[in-house]
>>> print(open('protein_1.txt').read())   # compact mmCIF, C-alpha atoms (C1' of nucleotides)
# COMPACT_ATOMS: atom_id res chain seq x y z
CA MET A 59 -7.35 -7.71 -2.41
CA ARG A 60 -3.75 -6.63 -2.95
CA ILE A 61 -2.50 -3.45 -1.32
CA ALA A 62 0.98 -2.20 -2.13
CA THR A 63 3.36 0.54 -1.05
CA TYR A 64 6.18 1.86 -3.19
CA ASN A 65 8.66 4.70 -2.69
CA VAL A 66 9.12 5.63 -6.36
CA ASN A 67 11.90 8.22 -5.85
CA GLY A 68 10.53 10.65 -8.43
CA ILE A 69 7.25 9.68 -10.09
CA ASN A 70 8.00 11.28 -13.45
CA GLY A 71 11.58 10.03 -13.68
CA ARG A 72 10.35 6.52 -12.81
CA LEU A 73 7.09 6.56 -14.73
CA PRO A 74 7.97 3.70 -17.14
CA VAL A 75 8.97 1.53 -14.18
CA LEU A 76 5.84 2.41 -12.22
CA LEU A 77 3.53 1.73 -15.17
CA ARG A 78 5.24 -1.57 -15.97
CA TRP A 79 4.97 -2.72 -12.36
CA LEU A 80 1.29 -1.68 -12.14
CA SER A 81 0.53 -3.50 -15.40
CA GLU A 82 2.33 -6.68 -14.41
CA THR A 83 1.12 -7.01 -10.81
CA THR A 84 -2.23 -5.12 -10.89
CA PRO A 85 -2.37 -4.17 -7.19
CA ASP A 86 -5.82 -2.96 -6.14
CA ILE A 87 -4.74 -0.12 -3.87
CA VAL A 88 -1.30 1.53 -3.98
CA CYS A 89 0.44 3.98 -1.67
CA LEU A 90 3.25 5.94 -3.33
CA GLN A 91 5.93 8.06 -1.69
CA GLU A 92 8.61 10.48 -2.84
CA LEU A 93 6.72 11.77 -5.86
CA LYS A 94 9.21 14.68 -6.09
CA ALA A 95 6.67 16.52 -8.21
CA PRO A 96 4.48 19.56 -7.68
CA GLN A 97 0.71 19.05 -7.55
CA GLU A 98 0.24 19.97 -11.23
CA LYS A 99 2.95 17.61 -12.53
CA PHE A 100 1.40 14.34 -11.32
CA PRO A 101 1.00 11.94 -14.29
CA GLU A 102 -2.72 11.47 -13.71
CA GLN A 103 -3.62 10.47 -17.27
CA ALA A 104 -0.96 7.76 -17.68
CA ILE A 105 -2.11 6.19 -14.42
CA ALA A 106 -5.80 6.55 -15.33
CA ASP A 107 -5.08 4.75 -18.62
CA LEU A 108 -4.22 1.68 -16.55
CA GLY A 109 -7.55 1.91 -14.74
CA TYR A 110 -6.47 3.69 -11.58
CA GLU A 111 -8.09 6.59 -9.85
CA ALA A 112 -5.52 8.70 -7.97
CA LEU A 113 -5.38 11.10 -5.06
CA TRP A 114 -2.10 12.87 -4.45
CA HIS A 115 -0.41 15.52 -2.36
CA GLY A 116 2.50 16.92 -4.32
CA GLN A 117 5.33 19.25 -3.45
CA LYS A 118 7.96 20.93 -5.56
CA SER A 119 11.21 18.89 -5.62
CA TRP A 120 10.72 16.85 -2.46
CA ASN A 121 8.43 14.42 -0.70
CA GLY A 122 4.94 13.91 -2.12
CA VAL A 123 2.53 11.02 -1.47
CA ALA A 124 -0.31 9.45 -3.45
CA ILE A 125 -2.99 6.79 -3.17
CA LEU A 126 -4.14 4.84 -6.25
CA SER A 127 -7.19 2.61 -6.53
CA ARG A 128 -8.70 0.39 -9.19
CA VAL A 129 -11.39 -0.91 -6.83
CA GLY A 130 -13.61 2.07 -6.27
CA SER A 131 -13.36 5.71 -5.53
CA ILE A 132 -10.89 7.32 -3.13
CA SER A 133 -12.54 9.49 -0.51
CA GLU A 134 -10.02 11.88 1.01
CA VAL A 135 -10.02 12.12 4.80
CA ARG A 136 -6.99 14.34 5.39
CA ARG A 137 -3.69 15.49 3.93
CA GLY A 138 -0.96 16.21 6.45
CA LEU A 139 -0.72 14.89 9.99
CA PRO A 140 -2.45 16.86 12.73
CA GLY A 141 -0.38 18.52 15.42
CA ASP A 142 1.80 21.04 13.59
CA PRO A 143 0.26 23.67 11.30
CA GLU A 144 3.79 24.88 10.47
CA ASP A 145 4.73 21.55 8.86
CA GLU A 146 4.63 22.13 5.10
CA HIS A 147 6.05 18.80 3.95
CA SER A 148 3.79 16.57 1.84
CA ARG A 149 4.28 13.37 3.77
CA TYR A 150 0.85 12.09 4.75
CA LEU A 151 -2.36 11.31 2.91
CA GLU A 152 -5.38 9.51 4.39
CA ALA A 153 -8.42 8.26 2.49
CA ASP A 154 -11.20 5.69 2.55
CA VAL A 155 -11.00 3.14 -0.25
CA ALA A 156 -13.22 0.07 -0.60
CA GLY A 157 -14.20 0.19 3.06
CA ILE A 158 -10.59 0.51 4.29
CA ARG A 159 -9.01 3.55 5.88
CA VAL A 160 -5.73 3.86 3.95
CA CYS A 161 -2.99 6.03 5.47
CA CYS A 162 -0.04 6.66 3.16
CA LEU A 163 3.02 8.08 4.89
CA TYR A 164 6.58 9.12 4.21
CA LEU A 165 8.35 9.54 7.51
CA PRO A 166 11.29 11.99 7.53
CA ASN A 167 14.76 10.54 7.00
CA GLY A 168 16.21 12.47 9.94
CA ASN A 169 19.90 12.49 9.04
CA PRO A 170 22.23 13.85 10.16
CA ALA A 171 21.60 12.82 13.74
CA PRO A 172 21.69 14.52 16.11
CA GLY A 173 20.46 17.80 14.63
CA PRO A 174 17.34 19.70 13.58
CA LYS A 175 16.38 17.13 10.94
CA PHE A 176 16.51 14.37 13.52
CA GLU A 177 14.41 16.47 15.92
CA TYR A 178 11.87 16.95 13.13
CA LYS A 179 11.77 13.20 12.56
CA LEU A 180 11.12 12.48 16.23
CA ARG A 181 8.40 15.14 16.41
CA TRP A 182 6.80 13.77 13.26
CA PHE A 183 6.89 10.26 14.72
CA ASP A 184 5.19 11.52 17.92
CA ARG A 185 2.45 13.13 15.86
CA LEU A 186 2.02 9.91 13.86
CA ASN A 187 1.72 7.84 17.02
CA ASP A 188 -0.85 10.23 18.48
CA HIS A 189 -2.91 10.11 15.31
CA ALA A 190 -2.52 6.33 14.95
CA ALA A 191 -3.96 5.86 18.46
CA GLU A 192 -7.04 7.79 17.32
CA LEU A 193 -7.31 5.66 14.19
CA LEU A 194 -7.55 2.49 16.27
CA ARG A 195 -10.79 3.86 17.69
CA ILE A 196 -12.65 4.18 14.40
CA ASP A 197 -15.04 1.43 13.36
CA MET A 198 -13.18 0.54 10.20
CA PRO A 199 -10.14 -1.54 9.19
CA VAL A 200 -7.09 0.73 9.01
CA ILE A 201 -3.79 0.36 7.16
CA LEU A 202 -0.72 2.49 7.80
CA ALA A 203 1.56 1.97 4.82
CA GLY A 204 4.65 3.63 3.50
CA ASP A 205 8.29 4.48 3.93
CA PHE A 206 8.77 4.70 7.69
CA ASN A 207 12.54 5.28 7.39
CA VAL A 208 13.06 2.89 10.31
CA MET A 209 14.62 -0.55 10.49
CA PRO A 210 12.69 -2.02 13.43
CA THR A 211 15.28 -4.62 14.49
CA ASP A 212 18.80 -5.89 13.76
CA LYS A 213 17.27 -8.44 11.42
CA ASP A 214 16.15 -5.61 9.14
CA VAL A 215 19.66 -4.29 8.40
CA TYR A 216 22.44 -5.99 6.45
CA LYS A 217 25.10 -4.75 8.92
CA PRO A 218 23.41 -3.47 12.05
CA GLU A 219 26.71 -2.51 13.71
CA ARG A 220 27.31 0.11 11.03
CA TRP A 221 23.92 1.74 11.46
CA GLN A 222 23.82 2.31 15.21
CA GLU A 223 24.21 6.11 14.99
CA ASP A 224 22.11 6.55 11.86
CA ALA A 225 18.77 8.36 12.05
CA LEU A 226 17.05 5.29 10.60
CA PHE A 227 18.27 3.00 13.34
CA ARG A 228 18.99 5.04 16.46
CA PRO A 229 17.33 3.68 19.62
CA GLU A 230 14.88 6.61 19.88
CA VAL A 231 13.49 5.82 16.43
CA ARG A 232 13.27 2.08 16.94
CA GLU A 233 11.57 2.79 20.24
CA ALA A 234 9.03 5.06 18.55
CA PHE A 235 8.23 2.33 16.03
CA LYS A 236 7.94 -0.23 18.80
CA SER A 237 5.52 1.88 20.82
CA LEU A 238 3.46 2.48 17.68
CA VAL A 239 3.17 -1.26 17.02
CA GLU A 240 2.36 -1.88 20.68
CA GLN A 241 -0.72 0.31 20.38
CA GLY A 242 -2.23 -2.75 18.71
CA TRP A 243 -0.92 -2.71 15.14
CA THR A 244 0.44 -5.70 13.27
CA ASP A 245 3.70 -5.39 11.29
CA ALA A 246 2.29 -7.40 8.38
CA ILE A 247 5.51 -8.33 6.60
CA ARG A 248 7.34 -9.44 9.75
CA THR A 249 4.29 -11.30 11.03
CA PHE A 250 3.98 -13.19 7.78
CA TYR A 251 7.74 -13.93 7.64
CA PRO A 252 8.90 -14.10 11.28
CA ASP A 253 12.45 -15.32 10.57
CA GLU A 254 13.40 -14.39 7.00
CA ILE A 255 15.78 -11.65 5.97
CA ILE A 256 13.55 -9.26 4.02
CA TYR A 257 14.69 -5.94 2.59
CA THR A 258 12.75 -3.23 0.77
CA PHE A 259 15.58 -0.79 -0.03
CA TRP A 260 19.05 -1.10 -1.54
CA ASP A 261 21.44 1.81 -2.10
CA TYR A 262 22.36 2.70 -5.68
CA PHE A 263 26.09 2.40 -5.08
CA ARG A 264 28.58 -0.18 -3.91
CA ASN A 265 26.46 -2.73 -5.81
CA ALA A 266 24.16 -2.86 -2.79
CA TYR A 267 21.39 -4.69 -4.64
CA GLY A 268 23.78 -7.25 -6.12
CA ARG A 269 25.26 -7.89 -2.67
CA ASN A 270 21.81 -7.83 -1.03
CA ALA A 271 23.09 -5.10 1.31
CA GLY A 272 19.60 -3.85 2.05
CA LEU A 273 17.28 -2.39 4.64
CA ARG A 274 13.67 -3.12 5.58
CA ILE A 275 12.14 0.34 5.96
CA ASP A 276 8.85 0.17 4.03
CA HIS A 277 6.13 -1.24 6.25
CA PHE A 278 2.48 -2.19 6.57
CA LEU A 279 0.82 -1.77 9.94
CA LEU A 280 -2.65 -3.31 10.17
CA SER A 281 -5.39 -2.62 12.67
CA PRO A 282 -6.93 -5.58 14.59
CA GLN A 283 -9.83 -5.83 12.10
CA PHE A 284 -7.35 -7.59 9.79
CA ASP A 285 -6.54 -10.38 12.25
CA GLY A 286 -6.82 -13.69 10.42
CA ARG A 287 -7.30 -11.94 7.09
CA LEU A 288 -3.70 -11.54 5.94
CA VAL A 289 -3.28 -14.26 3.32
CA ALA A 290 0.00 -13.32 1.62
CA ALA A 291 2.74 -10.69 1.68
CA GLY A 292 5.94 -9.96 -0.19
CA VAL A 293 8.43 -7.66 -1.82
CA ASP A 294 8.61 -7.32 -5.62
CA ARG A 295 12.36 -7.24 -5.36
CA GLU A 296 13.03 -7.85 -9.06
CA VAL A 297 11.65 -4.35 -9.77
CA ARG A 298 14.74 -2.99 -7.99
CA GLY A 299 16.81 -4.57 -10.76
CA TRP A 300 15.05 -2.81 -13.64
CA GLU A 301 16.57 0.08 -15.63
CA LYS A 302 16.07 3.58 -14.20
CA THR A 303 14.46 2.13 -11.10
CA SER A 304 13.86 3.48 -7.60
CA ASP A 305 16.20 2.52 -4.77
CA HIS A 306 13.14 0.98 -3.05
CA ALA A 307 11.18 -2.06 -4.20
CA PRO A 308 7.38 -2.32 -4.01
CA VAL A 309 5.99 -4.12 -0.96
CA TRP A 310 2.53 -5.72 -0.89
CA ILE A 311 0.02 -7.63 1.17
CA ASP A 312 -3.00 -9.71 0.15
CA VAL A 313 -5.96 -9.47 2.51
CA LEU A 314 -9.40 -11.03 2.46
CA ASP A 315 -11.63 -8.20 1.38
CA ASN A 316 -14.91 -9.29 2.98
CA LEU A 317 -14.10 -7.23 6.04
C1' DA X 156 31.92 3.11 3.72
C1' DT X 157 33.15 9.78 4.33
C1' DG X 158 26.95 10.03 -0.96
C1' DC X 159 30.90 5.99 -4.68
C1' DC X 160 24.38 7.08 -7.48
C1' DG X 161 20.38 9.48 -8.71
C1' DT X 162 16.64 13.15 -8.71
C1' DG X 163 14.77 17.82 -9.34
C1' DG X 164 15.63 22.59 -9.91
C1' DA X 165 18.22 26.12 -10.83
C1' DA X 166 21.75 27.60 -13.55
C1' DA X 167 26.30 24.33 -15.06
C1' DC X 168 26.41 23.36 -9.10
C1' DC X 169 23.40 22.38 -5.12
C1' DA X 170 20.17 20.16 -1.71
C1' DC X 171 18.61 15.97 -0.55
C1' DG X 172 18.06 11.05 0.01
C1' DA X 173 19.19 6.41 3.64
>>> encode(input="protein_1.txt", output="structure tokens")
Amino acid sequence: MRIATYNVNGINGRLPVLLRWLSETTPDIVCLQELKAPQEKFPEQAIADLGYEALWHGQKSWNGVAILSRVGSISEVRRGLPGDPEDEHSRYLEADVAGIRVCCLYLPNGNPAPGPKFEYKLRWFDRLNDHAAELLRIDMPVILAGDFNVMPTDKDVYKPERWQEDALFRPEVREAFKSLVEQGWTDAIRTFYPDEIIYTFWDYFRNAYGRNAGLRIDHFLLSPQFDGRLVAAGVDREVRGWEKTSDHAPVWIDVLDNL
DNA sequence: ATGCCGTGGAAACCACGA
């Protein structure tokens, strides 16, 4: 079973790219981020025409997350992280699909740091870690997938020295990611490729994609039920080279599905 | 390397992204 995550950077603006990628790679379950569309403007029919059921949490202009499935129905568990009823951003969607608890997340960017946006990011990360600890207790394989807006280590940044003060790389954020993983999660991409340089995002300017000046910020964290069942993983990096494409590339894992 | 590109939304600029 292939599970993918893709920050589309505007689902309607990128619809041809999304549909082409879905058609060519036929992932079974997909987590999408940055829909940038209100609830009523999600392109449900175009996605259904390719055989996908969809669950989404939209928001006008910003954020927005969705889960797609072509392997059975999507049973919503929650939208929004617990811990802050004042948080209106559409950044988290959790559902059961094909016996897997799928958690699609779009962690706040947090720039400029320091500042209120960075504080929001750190609070959001704390809430995620609290909720993730609870998820490890359920009797079900769990996947946390999405745009974490964190480069976990120096290896995940083309020029780490330039990113030290950035909200995606500051020590507090890397530390939050580290303590999340240490709860018992597996960083699937890094585990599968311990030494390679792997990026999932390239800026639009300065020819970042052409120079491979990228970042690894889209991640899969797997609960222990997946141990020994991760059979392949990768980044569809050529999608980043298509016309009118997102600044992120899709990331995927293949897992044995007899869990 | 300071948003140089790109999106959505409101109103021909702005907020936001990483």
>>> closest_atom_pairs(input="protein_1.txt", of="chain X", to="chain A", cutoff="7 Å", atoms="all atoms listed in the file", output="JSON lines")
{"residue": "X:DC159", "atom": "C1'", "partner": "A:Phe263", "partner_atom": "CA", "distance": 6.0}
{"residue": "X:DC160", "atom": "C1'", "partner": "A:Tyr262", "partner_atom": "CA", "distance": 5.1}
{"residue": "X:DT162", "atom": "C1'", "partner": "A:Gly68", "partner_atom": "CA", "distance": 6.6}
{"residue": "X:DG163", "atom": "C1'", "partner": "A:Ser119", "partner_atom": "CA", "distance": 5.3}
{"residue": "X:DA173", "atom": "C1'", "partner": "A:Asn167", "partner_atom": "CA", "distance": 6.9}
>>> residues_around(input="protein_1.txt", residues="A:Lys236", least_positions_apart="6", cutoff="12 Å", atoms="only C-alpha atoms (C1' of nucleotides)", output="PyMOL selection string")
chain A and resi 183+187+208-211+229-230+242-245+279
>>> atom_distance(input="protein_1.txt", atom1="atom CA of A:His306", atom2="atom CA of A:Val75")
11.9 Å
>>> closest_residue(input="protein_1.txt", among="A:Val160, A:Leu113, A:Val215, A:Val129", to="A:Pro101", atoms="all atoms listed in the file")
A:Leu113
>>> axis_aligned_box(input="protein_1.txt", around="stretch 75-92 of chain A", padding_each_side="4 Å", output="JSON")
{"center_x": 1.6, "center_y": 1.7, "center_z": -8.8, "size_x": 22.8, "size_y": 25.5, "size_z": 22.3}
>>> residues_around(input="protein_1.txt", residues="A:Gly292", least_positions_apart="3", cutoff="10 Å", atoms="only C-alpha atoms (C1' of nucleotides)", output="list in words")
Ala62, Ala246, Ile247, Phe250, Tyr251, Ile256, Thr258, Arg295, Pro308, Val309, Trp310, Ile311 and Asp312 of chain A
>>> atom_distance(input="protein_1.txt", atom1="atom CA of A:Ser237", atom2="atom CA of A:Asp142")
20.8 Å
>>> closest_residue(input="protein_1.txt", among="A:Val231, A:Ile125, A:Pro166, A:Glu219", to="X:DG172", atoms="only C-alpha atoms (C1' of nucleotides)")
A:Pro166
>>> atom_distance(input="protein_1.txt", atom1="atom CA of A:Leu93", atom2="atom CA of A:Val297")
17.3 Å
>>> residues_around(input="protein_1.txt", residues="stretch 131-139 of chain A", least_positions_apart="3", cutoff="6 Å", atoms="only C-alpha atoms (C1' of nucleotides)", output="number ranges by chain")
A: 150-155
>>> closest_residue(input="protein_1.txt", among="A:Thr249, A:Lys217, A:Arg72, A:Pro174", to="X:DG161", atoms="all atoms listed in the file")
A:Arg72
>>> closest_residue(input="protein_1.txt", among="A:Val293, A:Ile255, A:Ala271, A:Met59", to="A:Pro85", atoms="all atoms listed in the file")
A:Met59
>>> residues_near_point(input="protein_1.txt", point="(-16.3, 1.2, 12.7)", cutoff="12 Å", atoms="only C-alpha atoms (C1' of nucleotides)", output="ChimeraX atom specification")
/A:157-159,193-200,281-283,317
>>> write_last_selection(input="protein_1.txt", atoms="C-alpha atoms", output="short mmCIF file (atom, residue, chain, number, x, y, z; two decimals), in the coordinates of the input")
data_model
loop_
_atom_site.label_atom_id
_atom_site.label_comp_id
_atom_site.auth_asym_id
_atom_site.auth_seq_id
_atom_site.Cartn_x
_atom_site.Cartn_y
_atom_site.Cartn_z
CA GLY A 157 -14.20 0.19 3.06
CA ILE A 158 -10.59 0.51 4.29
CA ARG A 159 -9.01 3.55 5.88
CA LEU A 193 -7.31 5.66 14.19
CA LEU A 194 -7.55 2.49 16.27
CA ARG A 195 -10.79 3.86 17.69
CA ILE A 196 -12.65 4.18 14.40
CA ASP A 197 -15.04 1.43 13.36
CA MET A 198 -13.18 0.54 10.20
CA PRO A 199 -10.14 -1.54 9.19
CA VAL A 200 -7.09 0.73 9.01
CA SER A 281 -5.39 -2.62 12.67
CA PRO A 282 -6.93 -5.58 14.59
CA GLN A 283 -9.83 -5.83 12.10
CA LEU A 317 -14.10 -7.23 6.04
#
>>> closest_residue(input="protein_1.txt", among="A:Leu73, A:Gln117, A:Lys213, A:Ile87", to="A:Gln103", atoms="only C-alpha atoms")
A:Leu73
>>> closest_residue(input="protein_1.txt", among="A:Tyr164, A:Trp79, A:Trp300, A:Phe176", to="A:Arg228", atoms="only C-alpha atoms")
A:Phe176
>>> residues_around(input="protein_1.txt", residues="A:Ala124", least_positions_apart="2", cutoff="6 Å", atoms="only C-alpha atoms (C1' of nucleotides)", output="list in words")
Cys89, Leu90, Leu113 and Trp114 of chain A
